Amino acid sequence: MADWLPDSRDGQIAMCSTWIGYLTSERRTAWGIPAAEFTELGVRFDAARTVLQKSKDESQRTQVITAECKAAFEALTDTMRFFKSHYFLSPPLVEADIVALGLKPRKPSSPIPRPKGQPTADLAFPGIHMVELRDIRRAAGSGEDDPRSDYGVRIFYGLSGAPSGQHRFRVSAAPRTGGDLPESIFSRRRRELFDFEGESGETVYFILQYEKPSGGKEGKGPFGPLLTARIP
């Protein structure tokens, strides 16, 4: 059940009645609600209300009425969900309209802070010229973050050795920051596999950095510790 939709059938009837009363012709025009769909909402409202009254009367309540009541409310709530997702949008609705419809205004989300944690990972070697970062995680003692800040990880890396067509830029000394490494990928996974075919025996350096969803200079956290491996 949607968190905005009342759990009880009486509550659903009351909410739909409020909608129908509030949806004047002027509002329907302004909000782009077709006349046919508003009519359908009213028809399903009347059907659900009528069969609900019968289901409450012990002299009329039968298995058939119970089944009809279930079907009528499924049809009604489906239509109500459609109206909310297609027409009750802000804009054009303002907060007063949302409240008048018996709905809750959406609270503005708090800003996502810049990441503070430093990501790290374990190194594994699943095959020849293969290097894998496993269990990508926040380094111990690097500070706690708002979980939204750790949206993903920028993996900076670079190889020693002579330039090749695939890896033109090389590293001649151990880097101090991720900015010293020539290549990078973005990942939201807990592990990433790198295939360095033709580079066996060379050294690969990795430095990780958290990024929040917006990215950009202010969306990046501090660089994590240097990870070094000899490519098998």
# chains A, B, ... in the order shown; residues from 1 in each chain; ligands from 1
>>> residues_around(residues="A:Ala162", least_positions_apart="3", cutoff="12 Å", atoms="only C-alpha atoms", output="MDAnalysis selection string")
chainID A and resid 158:159 165:172 198:199 202:203
>>> closest_residue(among="A:Ala47, A:Leu227, A:Leu93, A:Leu52", to="A:Ser8", atoms="only C-alpha atoms")
A:Leu52
>>> closest_residue(among="A:Ala35, A:Ala173, A:Ile185, A:Ala229", to="A:Tyr205", atoms="only C-alpha atoms")
A:Ala229
>>> residues_around(residues="A:Pro119", least_positions_apart="2", cutoff="6 Å", atoms="only C-alpha atoms", output="PDB file with N, CA and C atoms, in the first residue's frame")
ATOM      1  N   ARG A 137      35.725  -0.431   0.282  1.00  0.00           N
ATOM      2  CA  ARG A 137      35.086  -0.018   1.536  1.00  0.00           C
ATOM      3  C   ARG A 137      35.781   1.220   2.085  1.00  0.00           C
ATOM      4  N   ARG A 138      35.189   1.787   3.131  1.00  0.00           N
ATOM      5  CA  ARG A 138      35.809   2.916   3.807  1.00  0.00           C
ATOM      6  C   ARG A 138      36.950   2.411   4.689  1.00  0.00           C
ATOM      7  N   ALA A 139      38.093   3.063   4.555  1.00  0.00           N
ATOM      8  CA  ALA A 139      39.245   2.666   5.355  1.00  0.00           C
ATOM      9  C   ALA A 139      38.973   2.903   6.831  1.00  0.00           C
ATOM     10  N   LEU A 208      41.928   5.342  -4.522  1.00  0.00           N
ATOM     11  CA  LEU A 208      40.474   5.472  -4.629  1.00  0.00           C
ATOM     12  C   LEU A 208      40.006   6.765  -3.970  1.00  0.00           C
ATOM     13  N   GLN A 209      38.850   7.240  -4.421  1.00  0.00           N
ATOM     14  CA  GLN A 209      38.279   8.480  -3.891  1.00  0.00           C
ATOM     15  C   GLN A 209      36.755   8.404  -3.987  1.00  0.00           C
ATOM     16  N   GLY A 224      42.197   7.959  -0.900  1.00  0.00           N
ATOM     17  CA  GLY A 224      42.488   6.856  -0.003  1.00  0.00           C
ATOM     18  C   GLY A 224      43.945   6.450  -0.067  1.00  0.00           C
TER      19      GLY A 224
END
>>> residues_around(residues="A:Ser200", least_positions_apart="5", cutoff="6 Å", atoms="only C-alpha atoms", output="PyMOL selection string")
chain A and resi 129+231-232
>>> select_by_dssp(residues="stretch 94-135 of chain A", states="strand (DSSP E or B)", output="PDB file with N, CA, C and O atoms, in the first residue's frame")
ATOM      1  N   PRO A 119      38.278   5.692   0.768  1.00  0.00           N
ATOM      2  CA  PRO A 119      38.020   4.299   0.377  1.00  0.00           C
ATOM      3  C   PRO A 119      39.311   3.511   0.180  1.00  0.00           C
ATOM      4  O   PRO A 119      40.357   4.069  -0.183  1.00  0.00           O
ATOM      5  N   THR A 120      39.230   2.229   0.428  1.00  0.00           N
ATOM      6  CA  THR A 120      40.344   1.320   0.181  1.00  0.00           C
ATOM      7  C   THR A 120      39.768   0.010  -0.319  1.00  0.00           C
ATOM      8  O   THR A 120      38.543  -0.135  -0.476  1.00  0.00           O
ATOM      9  N   ALA A 121      40.622  -0.964  -0.595  1.00  0.00           N
ATOM     10  CA  ALA A 121      40.165  -2.261  -1.100  1.00  0.00           C
ATOM     11  C   ALA A 121      41.257  -3.289  -0.880  1.00  0.00           C
ATOM     12  O   ALA A 121      42.402  -2.946  -0.540  1.00  0.00           O
ATOM     13  N   ASP A 122      40.902  -4.544  -1.067  1.00  0.00           N
ATOM     14  CA  ASP A 122      41.885  -5.621  -1.044  1.00  0.00           C
ATOM     15  C   ASP A 122      42.271  -5.957  -2.485  1.00  0.00           C
ATOM     16  O   ASP A 122      41.447  -5.851  -3.402  1.00  0.00           O
ATOM     17  N   LEU A 123      43.513  -6.363  -2.688  1.00  0.00           N
ATOM     18  CA  LEU A 123      44.002  -6.747  -4.005  1.00  0.00           C
ATOM     19  C   LEU A 123      43.958  -8.263  -4.147  1.00  0.00           C
ATOM     20  O   LEU A 123      44.326  -9.000  -3.226  1.00  0.00           O
ATOM     21  N   ALA A 124      43.490  -8.714  -5.326  1.00  0.00           N
ATOM     22  CA  ALA A 124      43.458 -10.147  -5.620  1.00  0.00           C
ATOM     23  C   ALA A 124      43.927 -10.351  -7.057  1.00  0.00           C
ATOM     24  O   ALA A 124      43.880  -9.424  -7.873  1.00  0.00           O
ATOM     25  N   MET A 130      45.666 -10.402 -14.569  1.00  0.00           N
ATOM     26  CA  MET A 130      44.422  -9.929 -13.951  1.00  0.00           C
ATOM     27  C   MET A 130      44.697  -9.389 -12.546  1.00  0.00           C
ATOM     28  O   MET A 130      45.379 -10.048 -11.746  1.00  0.00           O
ATOM     29  N   VAL A 131      44.159  -8.200 -12.265  1.00  0.00           N
ATOM     30  CA  VAL A 131      44.227  -7.629 -10.918  1.00  0.00           C
ATOM     31  C   VAL A 131      42.819  -7.181 -10.547  1.00  0.00           C
ATOM     32  O   VAL A 131      42.158  -6.488 -11.328  1.00  0.00           O
ATOM     33  N   GLU A 132      42.377  -7.582  -9.363  1.00  0.00           N
ATOM     34  CA  GLU A 132      41.015  -7.245  -8.942  1.00  0.00           C
ATOM     35  C   GLU A 132      41.039  -6.481  -7.625  1.00  0.00           C
ATOM     36  O   GLU A 132      41.777  -6.841  -6.697  1.00  0.00           O
ATOM     37  N   LEU A 133      40.247  -5.412  -7.561  1.00  0.00           N
ATOM     38  CA  LEU A 133      39.989  -4.725  -6.295  1.00  0.00           C
ATOM     39  C   LEU A 133      38.757  -5.364  -5.673  1.00  0.00           C
ATOM     40  O   LEU A 133      37.678  -5.361  -6.276  1.00  0.00           O
ATOM     41  N   ARG A 134      38.907  -5.897  -4.487  1.00  0.00           N
ATOM     42  CA  ARG A 134      37.795  -6.570  -3.807  1.00  0.00           C
ATOM     43  C   ARG A 134      37.471  -5.867  -2.500  1.00  0.00           C
ATOM     44  O   ARG A 134      38.325  -5.256  -1.875  1.00  0.00           O
ATOM     45  N   ASP A 135      36.213  -6.007  -2.095  1.00  0.00           N
ATOM     46  CA  ASP A 135      35.738  -5.434  -0.833  1.00  0.00           C
ATOM     47  C   ASP A 135      36.086  -3.944  -0.756  1.00  0.00           C
ATOM     48  O   ASP A 135      36.714  -3.478   0.196  1.00  0.00           O
TER      49      ASP A 135
END
>>> select_by_dssp(residues="stretch 82-145 of chain A", states="alpha helix (DSSP H)", output="list in words")
Phe82, Phe83, Lys84, Ser85, His86, Glu95, Ala96, Asp97, Ile98, Val99 and Ala100 of chain A
>>> residues_around(residues="A:Ala174", least_positions_apart="4", cutoff="9 Å", atoms="only C-alpha atoms", output="list in words")
Asp180, Tyr205, Leu226 and Thr228 of chain A
>>> closest_residue(among="A:Ser85, A:Ala75, A:Asp97, A:Pro92", to="A:Thr18", atoms="only C-alpha atoms")
A:Asp97
>>> decode(residues="stretch 123-198 of chain A", atoms="C-alpha atoms", output="short mmCIF file (atom, residue, chain, number, x, y, z; two decimals), in the first residue's frame")
data_model
loop_
_atom_site.label_atom_id
_atom_site.label_comp_id
_atom_site.auth_asym_id
_atom_site.auth_seq_id
_atom_site.Cartn_x
_atom_site.Cartn_y
_atom_site.Cartn_z
CA LEU A 123 44.00 -6.75 -4.01
CA ALA A 124 43.46 -10.15 -5.62
CA PHE A 125 44.95 -11.88 -8.65
CA PRO A 126 42.38 -14.21 -10.23
CA GLY A 127 44.49 -15.00 -13.32
CA ILE A 128 47.43 -14.10 -15.50
CA HIS A 129 47.55 -10.31 -16.11
CA MET A 130 44.42 -9.93 -13.95
CA VAL A 131 44.23 -7.63 -10.92
CA GLU A 132 41.01 -7.24 -8.94
CA LEU A 133 39.99 -4.73 -6.29
CA ARG A 134 37.79 -6.57 -3.81
CA ASP A 135 35.74 -5.43 -0.83
CA ILE A 136 35.88 -1.74 -1.75
CA ARG A 137 35.09 -0.02 1.54
CA ARG A 138 35.81 2.92 3.81
CA ALA A 139 39.24 2.67 5.35
CA ALA A 140 39.21 2.12 9.11
CA GLY A 141 39.58 5.35 11.07
CA SER A 142 39.04 7.58 8.03
CA GLY A 143 35.89 9.23 9.37
CA GLU A 144 32.17 8.57 9.14
CA ASP A 145 30.12 9.80 6.17
CA ASP A 146 26.51 10.45 5.37
CA PRO A 147 25.75 7.26 3.35
CA ARG A 148 24.56 9.45 0.48
CA SER A 149 28.03 10.96 0.20
CA ASP A 150 29.62 7.61 -0.60
CA TYR A 151 27.61 7.31 -3.81
CA GLY A 152 30.46 5.73 -5.72
CA VAL A 153 34.21 5.45 -6.00
CA ARG A 154 36.59 6.98 -8.52
CA ILE A 155 39.40 4.48 -9.07
CA PHE A 156 42.59 6.15 -10.26
CA TYR A 157 45.29 3.89 -11.62
CA GLY A 158 48.51 3.90 -13.59
CA LEU A 159 51.16 1.46 -14.81
CA SER A 160 54.92 1.43 -14.87
CA GLY A 161 56.80 0.54 -18.05
CA ALA A 162 56.82 1.67 -21.67
CA PRO A 163 53.75 3.33 -23.21
CA SER A 164 51.45 1.14 -25.29
CA GLY A 165 48.43 1.72 -27.47
CA GLN A 166 46.07 0.89 -24.60
CA HIS A 167 48.02 2.62 -21.83
CA ARG A 168 49.85 5.57 -23.37
CA PHE A 169 50.69 7.40 -20.16
CA ARG A 170 52.88 5.68 -17.59
CA VAL A 171 54.02 6.25 -14.03
CA SER A 172 57.74 6.52 -13.33
CA ALA A 173 57.47 6.74 -9.53
CA ALA A 174 54.97 5.88 -6.80
CA PRO A 175 52.17 8.51 -6.83
CA ARG A 176 51.39 10.71 -3.87
CA THR A 177 47.73 11.40 -4.79
CA GLY A 178 45.18 10.15 -7.27
CA GLY A 179 45.93 13.22 -9.37
CA ASP A 180 49.35 11.73 -10.17
CA LEU A 181 47.74 8.75 -11.91
CA PRO A 182 46.79 9.00 -15.59
CA GLU A 183 43.68 6.80 -15.80
CA SER A 184 40.45 6.42 -13.84
CA ILE A 185 37.05 4.74 -13.87
CA PHE A 186 33.94 5.36 -11.75
CA SER A 187 32.30 2.43 -9.97
CA ARG A 188 29.44 1.74 -7.58
CA ARG A 189 30.40 -1.90 -7.19
CA ARG A 190 32.14 -3.62 -4.29
CA ARG A 191 34.73 -5.10 -6.65
CA GLU A 192 36.33 -4.23 -9.99
CA LEU A 193 38.41 -6.49 -12.22
CA PHE A 194 41.22 -5.06 -14.39
CA ASP A 195 42.68 -6.98 -17.32
CA PHE A 196 46.21 -5.77 -18.04
CA GLU A 197 46.96 -8.08 -20.95
CA GLY A 198 50.56 -7.73 -22.14
#
